[in-house]
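Undergrad: structure03.cif is reproduced below (mmCIF, C-alpha atoms).
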data_target
#
loop_
_atom_site.group_PDB
_atom_site.id
_atom_site.type_symbol
_atom_site.label_atom_id
_atom_site.label_comp_id
_atom_site.auth_asym_id
_atom_site.auth_seq_id
_atom_site.Cartn_x
_atom_site.Cartn_y
_atom_site.Cartn_z
ATOM 1 C CA MET A 25 168.160 141.132 30.980
ATOM 2 C CA LYS A 26 168.154 137.338 31.484
ATOM 3 C CA LYS A 27 166.438 137.831 34.833
ATOM 4 C CA ILE A 28 163.689 139.947 33.263
ATOM 5 C CA ILE A 29 163.101 137.409 30.491
ATOM 6 C CA LEU A 30 163.085 134.527 32.995
ATOM 7 C CA SER A 31 160.714 136.395 35.323
ATOM 8 C CA SER A 32 158.416 137.237 32.423
ATOM 9 C CA ALA A 33 158.430 133.634 31.202
ATOM 10 C CA PHE A 34 157.653 132.361 34.712
ATOM 11 C CA ALA A 35 154.790 134.877 35.132
ATOM 12 C CA PHE A 36 153.388 133.965 31.694
ATOM 13 C CA ALA A 37 153.597 130.214 32.467
ATOM 14 C CA THR A 38 151.864 130.723 35.818
ATOM 15 C CA MET A 39 149.026 132.715 34.200
ATOM 16 C CA ALA A 40 148.643 130.111 31.477
ATOM 17 C CA LEU A 41 148.535 127.310 34.014
ATOM 18 C CA PHE A 42 145.796 128.934 36.111
ATOM 19 C CA SER A 43 143.762 130.096 33.112
ATOM 20 C CA PHE A 44 143.323 126.507 31.900
ATOM 21 C CA ASN A 45 142.137 125.129 35.250
ATOM 22 C CA ASN A 46 138.424 124.397 35.531
ATOM 23 C CA PRO A 47 136.681 126.790 37.873
ATOM 24 C CA THR A 48 135.718 125.286 41.221
ATOM 25 C CA THR A 49 132.037 124.455 41.339
ATOM 26 C CA THR A 50 130.079 124.094 44.531
ATOM 27 C CA LYS A 51 127.040 121.858 44.471
ATOM 28 C CA ALA A 52 123.939 123.170 46.106
ATOM 29 C CA VAL A 53 122.673 121.548 49.256
ATOM 30 C CA GLU A 54 119.645 119.396 48.460
ATOM 31 C CA THR A 55 116.857 118.751 50.956
ATOM 32 C CA PHE A 56 115.191 115.342 51.131
ATOM 33 C CA THR A 57 111.869 114.855 52.948
ATOM 34 C CA VAL A 58 111.629 111.920 55.337
ATOM 35 C CA THR A 59 109.279 109.142 54.227
ATOM 36 C CA ALA A 60 107.385 108.673 57.501
ATOM 37 C CA GLN A 61 105.682 105.404 56.453
ATOM 38 C CA LYS A 62 109.075 103.675 56.009
ATOM 39 C CA SER A 63 111.144 105.373 58.722
ATOM 40 C CA ARG A 64 111.112 104.293 62.372
ATOM 41 C CA VAL A 65 113.011 103.843 65.591
ATOM 42 C CA ASP A 66 113.120 100.309 67.018
ATOM 43 C CA PHE A 67 114.089 99.847 70.658
ATOM 44 C CA THR A 68 114.996 97.143 73.141
ATOM 45 C CA GLY A 69 114.756 97.727 76.875
ATOM 46 C CA SER A 70 116.135 95.170 79.307
ATOM 47 C CA LYS A 71 115.637 94.283 82.941
ATOM 48 C CA LYS A 72 117.232 91.649 85.175
ATOM 49 C CA SER A 73 115.042 88.783 84.019
ATOM 50 C CA ASP A 74 113.704 89.818 80.602
ATOM 51 C CA PHE A 75 113.663 92.336 77.763
ATOM 52 C CA HIS A 76 110.996 94.110 75.701
ATOM 53 C CA THR A 77 110.980 95.338 72.118
ATOM 54 C CA GLY A 78 109.025 98.003 70.352
ATOM 55 C CA SER A 79 108.992 100.670 67.689
ATOM 56 C CA ILE A 80 108.277 104.379 67.504
ATOM 57 C CA PRO A 81 107.220 105.936 64.187
ATOM 58 C CA VAL A 82 109.082 108.867 62.707
ATOM 59 C CA LYS A 83 106.464 111.585 62.230
ATOM 60 C CA SER A 84 108.373 114.005 59.980
ATOM 61 C CA GLY A 85 111.784 115.328 59.136
ATOM 62 C CA SER A 86 114.271 116.254 56.475
ATOM 63 C CA VAL A 87 117.915 115.658 55.638
ATOM 64 C CA GLN A 88 120.325 117.894 53.796
ATOM 65 C CA VAL A 89 122.731 116.352 51.302
ATOM 66 C CA ASN A 90 125.629 117.979 49.440
ATOM 67 C CA GLY A 91 127.587 116.070 46.811
ATOM 68 C CA GLY A 92 126.174 112.721 47.934
ATOM 69 C CA LYS A 93 127.088 113.330 51.589
ATOM 70 C CA LEU A 94 124.773 113.954 54.527
ATOM 71 C CA VAL A 95 125.401 117.446 55.934
ATOM 72 C CA GLY A 96 122.410 118.029 58.238
ATOM 73 C CA GLY A 97 118.854 117.198 59.173
ATOM 74 C CA SER A 98 116.148 117.100 61.797
ATOM 75 C CA PHE A 99 113.467 114.601 62.805
ATOM 76 C CA VAL A 100 110.288 114.431 64.855
ATOM 77 C CA VAL A 101 109.445 111.073 66.439
ATOM 78 C CA ASP A 102 105.855 110.239 67.454
ATOM 79 C CA VAL A 103 106.390 108.877 70.992
ATOM 80 C CA ALA A 104 102.597 108.753 71.475
ATOM 81 C CA GLY A 105 102.449 106.279 68.546
ATOM 82 C CA MET A 106 104.824 103.802 70.246
ATOM 83 C CA LYS A 107 104.055 100.099 69.731
ATOM 84 C CA ILE A 108 105.300 97.173 71.811
ATOM 85 C CA THR A 109 106.257 94.284 69.545
ATOM 86 C CA ASP A 110 106.523 91.493 72.121
ATOM 87 C CA GLU A 111 103.959 89.678 74.304
ATOM 88 C CA ALA A 112 103.766 92.532 76.864
ATOM 89 C CA GLY A 113 101.774 94.524 74.304
ATOM 90 C CA GLU A 114 99.247 97.122 75.404
ATOM 91 C CA LYS A 115 99.886 96.793 79.132
ATOM 92 C CA LEU A 116 103.554 97.793 78.750
ATOM 93 C CA ALA A 117 102.684 100.438 76.133
ATOM 94 C CA GLY A 118 100.323 102.019 78.661
ATOM 95 C CA HIS A 119 102.996 102.066 81.364
ATOM 96 C CA LEU A 120 105.648 103.503 78.997
ATOM 97 C CA SER A 121 103.158 106.223 77.995
ATOM 98 C CA SER A 122 102.585 107.223 81.636
ATOM 99 C CA ALA A 123 104.476 109.831 83.675
ATOM 100 C CA ASP A 124 106.732 107.003 84.984
ATOM 101 C CA PHE A 125 108.375 106.934 81.559
ATOM 102 C CA PHE A 126 107.543 109.205 78.579
ATOM 103 C CA ASP A 127 104.465 111.084 79.880
ATOM 104 C CA VAL A 128 103.010 111.239 76.351
ATOM 105 C CA ALA A 129 100.022 113.322 77.504
ATOM 106 C CA LYS A 130 102.503 116.208 77.925
ATOM 107 C CA PHE A 131 105.378 115.103 75.679
ATOM 108 C CA GLY A 132 103.958 113.186 72.715
ATOM 109 C CA GLU A 133 106.936 113.916 70.476
ATOM 110 C CA ALA A 134 110.715 113.700 70.627
ATOM 111 C CA THR A 135 113.114 115.527 68.296
ATOM 112 C CA PHE A 136 116.653 115.168 66.965
ATOM 113 C CA ASN A 137 118.510 118.024 65.253
ATOM 114 C CA ILE A 138 121.848 117.271 63.606
ATOM 115 C CA SER A 139 124.514 119.876 64.390
ATOM 116 C CA ALA A 140 127.568 118.122 62.887
ATOM 117 C CA VAL A 141 128.371 115.272 60.503
ATOM 118 C CA LYS A 142 131.890 113.841 60.333
ATOM 119 C CA TYR A 143 132.507 111.070 57.819
ATOM 120 C CA THR A 144 134.856 108.338 59.057
ATOM 121 C CA THR A 145 134.635 106.178 55.898
ATOM 122 C CA ALA A 146 132.842 106.566 52.568
ATOM 123 C CA ASP A 147 129.552 105.334 54.065
ATOM 124 C CA LYS A 148 129.912 105.872 57.828
ATOM 125 C CA ALA A 149 129.637 109.139 59.694
ATOM 126 C CA THR A 150 129.558 110.295 63.285
ATOM 127 C CA LEU A 151 126.446 112.393 63.819
ATOM 128 C CA THR A 152 126.244 114.893 66.654
ATOM 129 C CA GLY A 153 123.067 116.686 67.582
ATOM 130 C CA SER A 154 120.540 117.618 70.179
ATOM 131 C CA VAL A 155 117.843 115.200 71.296
ATOM 132 C CA THR A 156 114.764 116.440 73.137
ATOM 133 C CA ILE A 157 112.762 113.822 75.053
ATOM 134 C CA LYS A 158 110.240 114.586 77.779
ATOM 135 C CA GLY A 159 111.280 118.257 77.816
ATOM 136 C CA PHE A 160 114.995 117.500 78.363
ATOM 137 C CA THR A 161 117.477 118.442 75.624
ATOM 138 C CA LYS A 162 120.869 116.728 75.528
ATOM 139 C CA GLU A 163 123.651 116.511 72.954
ATOM 140 C CA ILE A 164 124.516 113.017 71.758
ATOM 141 C CA SER A 165 126.857 111.494 69.159
ATOM 142 C CA PHE A 166 126.614 108.152 67.401
ATOM 143 C CA GLU A 167 127.796 106.416 64.248
ATOM 144 C CA ALA A 168 125.402 106.139 61.306
ATOM 145 C CA ILE A 169 125.652 104.079 58.143
ATOM 146 C CA ILE A 170 124.693 106.204 55.136
ATOM 147 C CA ARG A 171 123.529 103.567 52.702
ATOM 148 C CA SER A 172 122.471 105.969 49.922
ATOM 149 C CA ALA A 173 122.332 109.711 49.359
ATOM 150 C CA ASP A 174 121.735 110.311 45.675
ATOM 151 C CA GLU A 175 119.043 111.295 43.159
ATOM 152 C CA LYS A 176 117.128 108.075 43.965
ATOM 153 C CA GLY A 177 116.791 108.981 47.635
ATOM 154 C CA PHE A 178 118.350 108.807 51.062
ATOM 155 C CA PHE A 179 118.602 105.827 53.408
ATOM 156 C CA ALA A 180 120.603 105.623 56.631
ATOM 157 C CA GLU A 181 120.677 103.427 59.727
ATOM 158 C CA ALA A 182 122.167 103.763 63.181
ATOM 159 C CA PHE A 183 122.445 101.290 66.059
ATOM 160 C CA PHE A 184 123.379 102.712 69.458
ATOM 161 C CA PRO A 185 122.419 102.849 73.161
ATOM 162 C CA ILE A 186 120.918 105.895 74.839
ATOM 163 C CA ASP A 187 120.780 106.564 78.580
ATOM 164 C CA ARG A 188 117.133 107.183 79.464
ATOM 165 C CA THR A 189 118.021 108.859 82.789
ATOM 166 C CA LEU A 190 119.509 111.820 80.873
ATOM 167 C CA PHE A 191 115.915 112.644 79.940
ATOM 168 C CA GLY A 192 114.360 112.288 83.373
ATOM 169 C CA ILE A 193 113.171 108.716 82.830
ATOM 170 C CA ASN A 194 114.279 107.224 86.143
ATOM 171 C CA TYR A 195 111.571 104.650 86.878
ATOM 172 C CA GLY A 196 112.941 101.286 88.028
ATOM 173 C CA VAL A 197 116.636 102.231 88.009
ATOM 174 C CA GLY A 198 118.472 99.224 89.420
ATOM 175 C CA ALA A 199 115.862 96.760 88.185
ATOM 176 C CA ILE A 200 115.473 98.121 84.634
ATOM 177 C CA ASP A 201 118.604 98.933 82.625
ATOM 178 C CA THR A 202 119.162 102.645 82.061
ATOM 179 C CA GLN A 203 120.580 101.952 78.580
ATOM 180 C CA VAL A 204 117.970 101.497 75.854
ATOM 181 C CA GLN A 205 119.237 100.024 72.586
ATOM 182 C CA LEU A 206 118.026 101.905 69.510
ATOM 183 C CA ALA A 207 117.931 100.960 65.834
ATOM 184 C CA VAL A 208 117.073 103.996 63.710
ATOM 185 C CA HIS A 209 116.023 103.639 60.050
ATOM 186 C CA ILE A 210 115.553 106.842 58.024
ATOM 187 C CA TYR A 211 114.286 106.958 54.435
ATOM 188 C CA ALA A 212 113.858 110.223 52.541
ATOM 189 C CA THR A 213 113.144 111.396 48.999
ATOM 190 C CA LYS A 214 113.451 114.680 47.093
#
Give the structure from the file, written as structure tokens.
TA:
Amino acid sequence: MKKIILSSAFAFATMALFSFNNPTTTKAVETFTVTAQKSRVDFTGSKKSDFHTGSIPVKSGSVQVNGGKLVGGSFVVDVAGMKITDEAGEKLAGHLSSADFFDVAKFGEATFNISAVKYTTADKATLTGSVTIKGFTKEISFEAIIRSADEKGFFAEAFFPIDRTLFGINYGVGAIDTQVQLAVHIYATK
């Protein structure tokens, strides 16, 4: 009889415990639209005796956020709108637009689609995704700093190198570094 009473008391206590727990709520994924006027990709390319800087505008995109955390996104970059920000100016921009480099007459845009986001700290995450440049699609990973992802908007930055030869951009290998340094700045709002 003691066993039955003890078993009943345990079962009752367990039911009471679970009945007073708050139900688990799942927040809906929110989509933020990239603010193209504020977002951009800055780059630095180096050669043996010099370096050049420039920027490429972000044309469009969106990011998905759940509970204040980035969970996905995709971006279109306007390679045809590239600007050189040093003294080489239009001459270099023309060469980078040619078939030697980006061939913007055929490939005026580049894309990035996030396939995975893994947070390493509260505001840093490793992003993995596919990049398409000049008709070549490759998977890359890099660390991003998620500065804000709340009702006021989304802002993130990333600073990393990318190997241009992965995308068929082989002009000047040996004289021009194959690693291009990128600084990506993405702003988005609901």
Undergrad: Which residues, named as in the file, does the PyMOL selection byres ((chain A and resi 103) around 9) pick out? Answer as a JSON list (two decimals) with C-alpha atoms, keeping the file's coordinate frame.
TA:
[["chain", "number", "residue", "atom", "x", "y", "z"],
["A", 80, "ILE", "CA", 108.28, 104.38, 67.50],
["A", 81, "PRO", "CA", 107.22, 105.94, 64.19],
["A", 82, "VAL", "CA", 109.08, 108.87, 62.71],
["A", 101, "VAL", "CA", 109.44, 111.07, 66.44],
["A", 102, "ASP", "CA", 105.86, 110.24, 67.45],
["A", 104, "ALA", "CA", 102.60, 108.75, 71.47],
["A", 105, "GLY", "CA", 102.45, 106.28, 68.55],
["A", 106, "MET", "CA", 104.82, 103.80, 70.25],
["A", 121, "SER", "CA", 103.16, 106.22, 78.00],
["A", 126, "PHE", "CA", 107.54, 109.20, 78.58],
["A", 128, "VAL", "CA", 103.01, 111.24, 76.35],
["A", 131, "PHE", "CA", 105.38, 115.10, 75.68],
["A", 132, "GLY", "CA", 103.96, 113.19, 72.72],
["A", 133, "GLU", "CA", 106.94, 113.92, 70.48],
["A", 134, "ALA", "CA", 110.72, 113.70, 70.63]]
Undergrad: Smallest atom-to-atom distance to Lys107 of chain A: which of A:Ala123, A:Ala129, A:Asn137, A:Phe67, using only C-alpha atoms?
TA: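 Counting only C-alpha atoms, the residue closest to Lys107 of chain A is A:Phe67.
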Undergrad: How would you write, as a PyMOL selection string, the residues chosen by the PyMOL selection byres ((chain A and resi 87) around 6) on this structure?
TA: chain A and resi 55-56+86+88+96-97
Undergrad: Mind dumping the selected residues with C-alpha atoms as a short mmCIF file (atom, residue, chain, number, x, y, z; two decimals), keeping the file's coordinate frame?
TA:
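Output (part12.cif):
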data_model
loop_
_atom_site.label_atom_id
_atom_site.label_comp_id
_atom_site.auth_asym_id
_atom_site.auth_seq_id
_atom_site.Cartn_x
_atom_site.Cartn_y
_atom_site.Cartn_z
CA THR A 55 116.86 118.75 50.96
CA PHE A 56 115.19 115.34 51.13
CA SER A 86 114.27 116.25 56.48
CA GLN A 88 120.32 117.89 53.80
CA GLY A 96 122.41 118.03 58.24
CA GLY A 97 118.85 117.20 59.17
#
Undergrad: Which residue gives the smallest distance to Thr202 of chain A among A:Glu54, A:Gly153, A:Gly69, A:Ala168, with all atoms listed in the file counted?
TA: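 Result for the nearest residue to Thr202 of chain A: A:Gly69.
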Undergrad: How would you write as a ChimeraX atom specification the residues that get within 9 Å of (130.1, 106.0, 57.1) in the file's frame, counting only C-alpha atoms?
TA: /A:142-150,167-171
Undergrad: With C-alpha atoms retained, could you export that selection as a short mmCIF file (atom, residue, chain, number, x, y, z; two decimals), in the frame of the given file?
TA:
data_model
loop_
_atom_site.label_atom_id
_atom_site.label_comp_id
_atom_site.auth_asym_id
_atom_site.auth_seq_id
_atom_site.Cartn_x
_atom_site.Cartn_y
_atom_site.Cartn_z
CA LYS A 142 131.89 113.84 60.33
CA TYR A 143 132.51 111.07 57.82
CA THR A 144 134.86 108.34 59.06
CA THR A 145 134.64 106.18 55.90
CA ALA A 146 132.84 106.57 52.57
CA ASP A 147 129.55 105.33 54.06
CA LYS A 148 129.91 105.87 57.83
CA ALA A 149 129.64 109.14 59.69
CA THR A 150 129.56 110.30 63.28
CA GLU A 167 127.80 106.42 64.25
CA ALA A 168 125.40 106.14 61.31
CA ILE A 169 125.65 104.08 58.14
CA ILE A 170 124.69 106.20 55.14
CA ARG A 171 123.53 103.57 52.70
#
Undergrad: In Å to one decimal, how far is atom CA of Ile164 of chain A from atom CA of Gly91 of chain A?
TA: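 It comes out at 25.3 Å.
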Undergrad: Have a look at atom CA of Ala212 of chain A and atom CA of Val89 of chain A and let me know their distance in Å, one decimal.
TA: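 Between atom CA of Ala212 of chain A and atom CA of Val89 of chain A the gap works out to 10.9 Å.
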Undergrad: For Phe125 of chain A, find every residue with an atom within 10 Å (counting all atoms listed in the file), except residues of its own chain fewer than 6 positions away, and show them as JSON, numbers by chain.
TA: {"A": [118, 119, 158, 188, 189, 191, 192, 193, 194, 195, 196]}
Undergrad: Please list, as a list of chain:residue names, the residues that have an atom at most 8 Å away from (123.5, 99.5, 78.3) in the coordinates of this file, counting all atoms listed in the file.
TA: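 The distance filter leaves exactly A:Pro185, A:Ile186, A:Asp187, A:Asp201, A:Thr202, A:Gln203, A:Val204, A:Gln205.
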Undergrad: Closest to Glu163 of chain A among A:Phe179, A:Phe99, A:Phe136, A:Phe75, using all atoms listed in the file?
TA: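 For Glu163 of chain A, the nearest of the candidates is A:Phe136.
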Undergrad: Which centre and edge lengths in Å to one decimal define the box along x, y and z that fits every listed atom of segment 117-122 of chain A plus 4 Å per side, as AutoDock Vina command-line options?
TA:
--center_x 103.0 --center_y 103.8 --center_z 78.9 --size_x 13.3 --size_y 14.8 --size_z 13.5
Undergrad: Could you name the residues that touch Ala60 of chain A at 8 Å or less, counting all atoms listed in the file, but leaving out those on the same chain fewer than 3 positions away, as a PyMOL selection string?
TA: chain A and resi 63-64+81-84+211
Undergrad: At what distance in Å, to one decimal, does atom CA of Gly78 of chain A lie from atom CA of Ala207 of chain A?
TA: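 Interatomic distance here is 10.4 Å.
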Undergrad: May I ask which of the residues A:Leu120, A:Leu94, A:Ile210, A:Leu190 is the closest one to Phe160 of chain A, counting all atoms listed in the file?
TA: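 Ranking A:Leu120, A:Leu94, A:Ile210, A:Leu190 by distance to Phe160 of chain A, first place goes to A:Leu190.
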Undergrad: Ranking A:Gly113, A:Gly159, A:Glu181, A:Val100 by minimum distance to Lys130 of chain A and counting all atoms listed in the file, which one comes first?
TA: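 Residue with the minimum atom-to-atom distance to Lys130 of chain A: A:Gly159.
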Undergrad: Just checking: using all atoms listed in the file, which residue out of A:Ser98, A:Glu114, A:Gly92, A:Ala180 ends up closest to Thr57 of chain A?
TA: A:Ser98
Undergrad: Give as a PyMOL selection string the residues that the PyMOL selection byres ((chain A and resi 76) around 8) matches when applied to the coordinates above.
TA: chain A and resi 68-70+74-75+77-78+108-110+112
Undergrad: All heavy atoms are needed for segment 86-97 of chain A; please write them out as a PDB file, keeping the file's coordinate frame.
TA:
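Once written, out.pdb looks like this:
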ATOM      1  N   SER A  86     113.581 116.013  57.739  1.00  0.00           N
ATOM      2  CA  SER A  86     114.271 116.254  56.475  1.00  0.00           C
ATOM      3  C   SER A  86     115.761 116.061  56.699  1.00  0.00           C
ATOM      4  O   SER A  86     116.255 116.144  57.826  1.00  0.00           O
ATOM      5  CB  SER A  86     113.995 117.670  55.961  1.00  0.00           C
ATOM      6  OG  SER A  86     114.511 118.629  56.862  1.00  0.00           O
ATOM      7  N   VAL A  87     116.462 115.759  55.600  1.00  0.00           N
ATOM      8  CA  VAL A  87     117.915 115.658  55.638  1.00  0.00           C
ATOM      9  C   VAL A  87     118.472 116.545  54.535  1.00  0.00           C
ATOM     10  O   VAL A  87     117.844 116.729  53.489  1.00  0.00           O
ATOM     11  CB  VAL A  87     118.432 114.208  55.487  1.00  0.00           C
ATOM     12  CG1 VAL A  87     118.062 113.363  56.679  1.00  0.00           C
ATOM     13  CG2 VAL A  87     117.929 113.572  54.204  1.00  0.00           C
ATOM     14  N   GLN A  88     119.649 117.092  54.795  1.00  0.00           N
ATOM     15  CA  GLN A  88     120.325 117.894  53.796  1.00  0.00           C
ATOM     16  C   GLN A  88     121.534 117.113  53.292  1.00  0.00           C
ATOM     17  O   GLN A  88     122.288 116.543  54.089  1.00  0.00           O
ATOM     18  CB  GLN A  88     120.775 119.242  54.372  1.00  0.00           C
ATOM     19  CG  GLN A  88     119.628 120.229  54.598  1.00  0.00           C
ATOM     20  CD  GLN A  88     118.783 119.876  55.806  1.00  0.00           C
ATOM     21  OE1 GLN A  88     119.297 119.618  56.872  1.00  0.00           O
ATOM     22  NE2 GLN A  88     117.476 119.838  55.630  1.00  0.00           N
ATOM     23  N   VAL A  89     121.677 117.107  51.963  1.00  0.00           N
ATOM     24  CA  VAL A  89     122.731 116.352  51.302  1.00  0.00           C
ATOM     25  C   VAL A  89     123.477 117.294  50.365  1.00  0.00           C
ATOM     26  O   VAL A  89     122.858 118.103  49.672  1.00  0.00           O
ATOM     27  CB  VAL A  89     122.130 115.158  50.505  1.00  0.00           C
ATOM     28  CG1 VAL A  89     123.185 114.450  49.677  1.00  0.00           C
ATOM     29  CG2 VAL A  89     121.432 114.187  51.451  1.00  0.00           C
ATOM     30  N   ASN A  90     124.811 117.187  50.346  1.00  0.00           N
ATOM     31  CA  ASN A  90     125.629 117.979  49.440  1.00  0.00           C
ATOM     32  C   ASN A  90     126.659 117.051  48.816  1.00  0.00           C
ATOM     33  O   ASN A  90     127.447 116.428  49.526  1.00  0.00           O
ATOM     34  CB  ASN A  90     126.314 119.122  50.191  1.00  0.00           C
ATOM     35  CG  ASN A  90     127.010 120.099  49.254  1.00  0.00           C
ATOM     36  OD1 ASN A  90     127.166 119.850  48.074  1.00  0.00           O
ATOM     37  ND2 ASN A  90     127.427 121.217  49.801  1.00  0.00           N
ATOM     38  N   GLY A  91     126.624 116.927  47.503  1.00  0.00           N
ATOM     39  CA  GLY A  91     127.587 116.070  46.811  1.00  0.00           C
ATOM     40  C   GLY A  91     127.523 114.614  47.231  1.00  0.00           C
ATOM     41  O   GLY A  91     128.549 113.954  47.315  1.00  0.00           O
ATOM     42  N   GLY A  92     126.338 114.108  47.532  1.00  0.00           N
ATOM     43  CA  GLY A  92     126.174 112.721  47.934  1.00  0.00           C
ATOM     44  C   GLY A  92     126.529 112.437  49.383  1.00  0.00           C
ATOM     45  O   GLY A  92     126.613 111.285  49.787  1.00  0.00           O
ATOM     46  N   LYS A  93     126.734 113.483  50.178  1.00  0.00           N
ATOM     47  CA  LYS A  93     127.088 113.330  51.589  1.00  0.00           C
ATOM     48  C   LYS A  93     126.043 114.017  52.459  1.00  0.00           C
ATOM     49  O   LYS A  93     125.610 115.129  52.169  1.00  0.00           O
ATOM     50  CB  LYS A  93     128.454 113.952  51.893  1.00  0.00           C
ATOM     51  CG  LYS A  93     129.606 113.332  51.136  1.00  0.00           C
ATOM     52  CD  LYS A  93     129.908 111.950  51.643  1.00  0.00           C
ATOM     53  CE  LYS A  93     131.162 111.388  50.989  1.00  0.00           C
ATOM     54  NZ  LYS A  93     131.386 110.008  51.332  1.00  0.00           N
ATOM     55  N   LEU A  94     125.669 113.361  53.537  1.00  0.00           N
ATOM     56  CA  LEU A  94     124.773 113.954  54.527  1.00  0.00           C
ATOM     57  C   LEU A  94     125.496 115.128  55.180  1.00  0.00           C
ATOM     58  O   LEU A  94     126.643 115.017  55.587  1.00  0.00           O
ATOM     59  CB  LEU A  94     124.406 112.917  55.585  1.00  0.00           C
ATOM     60  CG  LEU A  94     123.556 113.410  56.762  1.00  0.00           C
ATOM     61  CD1 LEU A  94     122.152 113.784  56.295  1.00  0.00           C
ATOM     62  CD2 LEU A  94     123.485 112.344  57.848  1.00  0.00           C
ATOM     63  N   VAL A  95     124.800 116.283  55.279  1.00  0.00           N
ATOM     64  CA  VAL A  95     125.401 117.446  55.934  1.00  0.00           C
ATOM     65  C   VAL A  95     124.538 118.000  57.061  1.00  0.00           C
ATOM     66  O   VAL A  95     124.983 118.835  57.838  1.00  0.00           O
ATOM     67  CB  VAL A  95     125.746 118.575  54.929  1.00  0.00           C
ATOM     68  CG1 VAL A  95     126.822 118.117  53.962  1.00  0.00           C
ATOM     69  CG2 VAL A  95     124.505 119.062  54.184  1.00  0.00           C
ATOM     70  N   GLY A  96     123.276 117.543  57.171  1.00  0.00           N
ATOM     71  CA  GLY A  96     122.410 118.029  58.238  1.00  0.00           C
ATOM     72  C   GLY A  96     121.050 117.368  58.193  1.00  0.00           C
ATOM     73  O   GLY A  96     120.757 116.565  57.312  1.00  0.00           O
ATOM     74  N   GLY A  97     120.207 117.737  59.154  1.00  0.00           N
ATOM     75  CA  GLY A  97     118.854 117.198  59.173  1.00  0.00           C
ATOM     76  C   GLY A  97     118.205 117.365  60.526  1.00  0.00           C
ATOM     77  O   GLY A  97     118.848 117.746  61.511  1.00  0.00           O
TER      78      GLY A  97
END
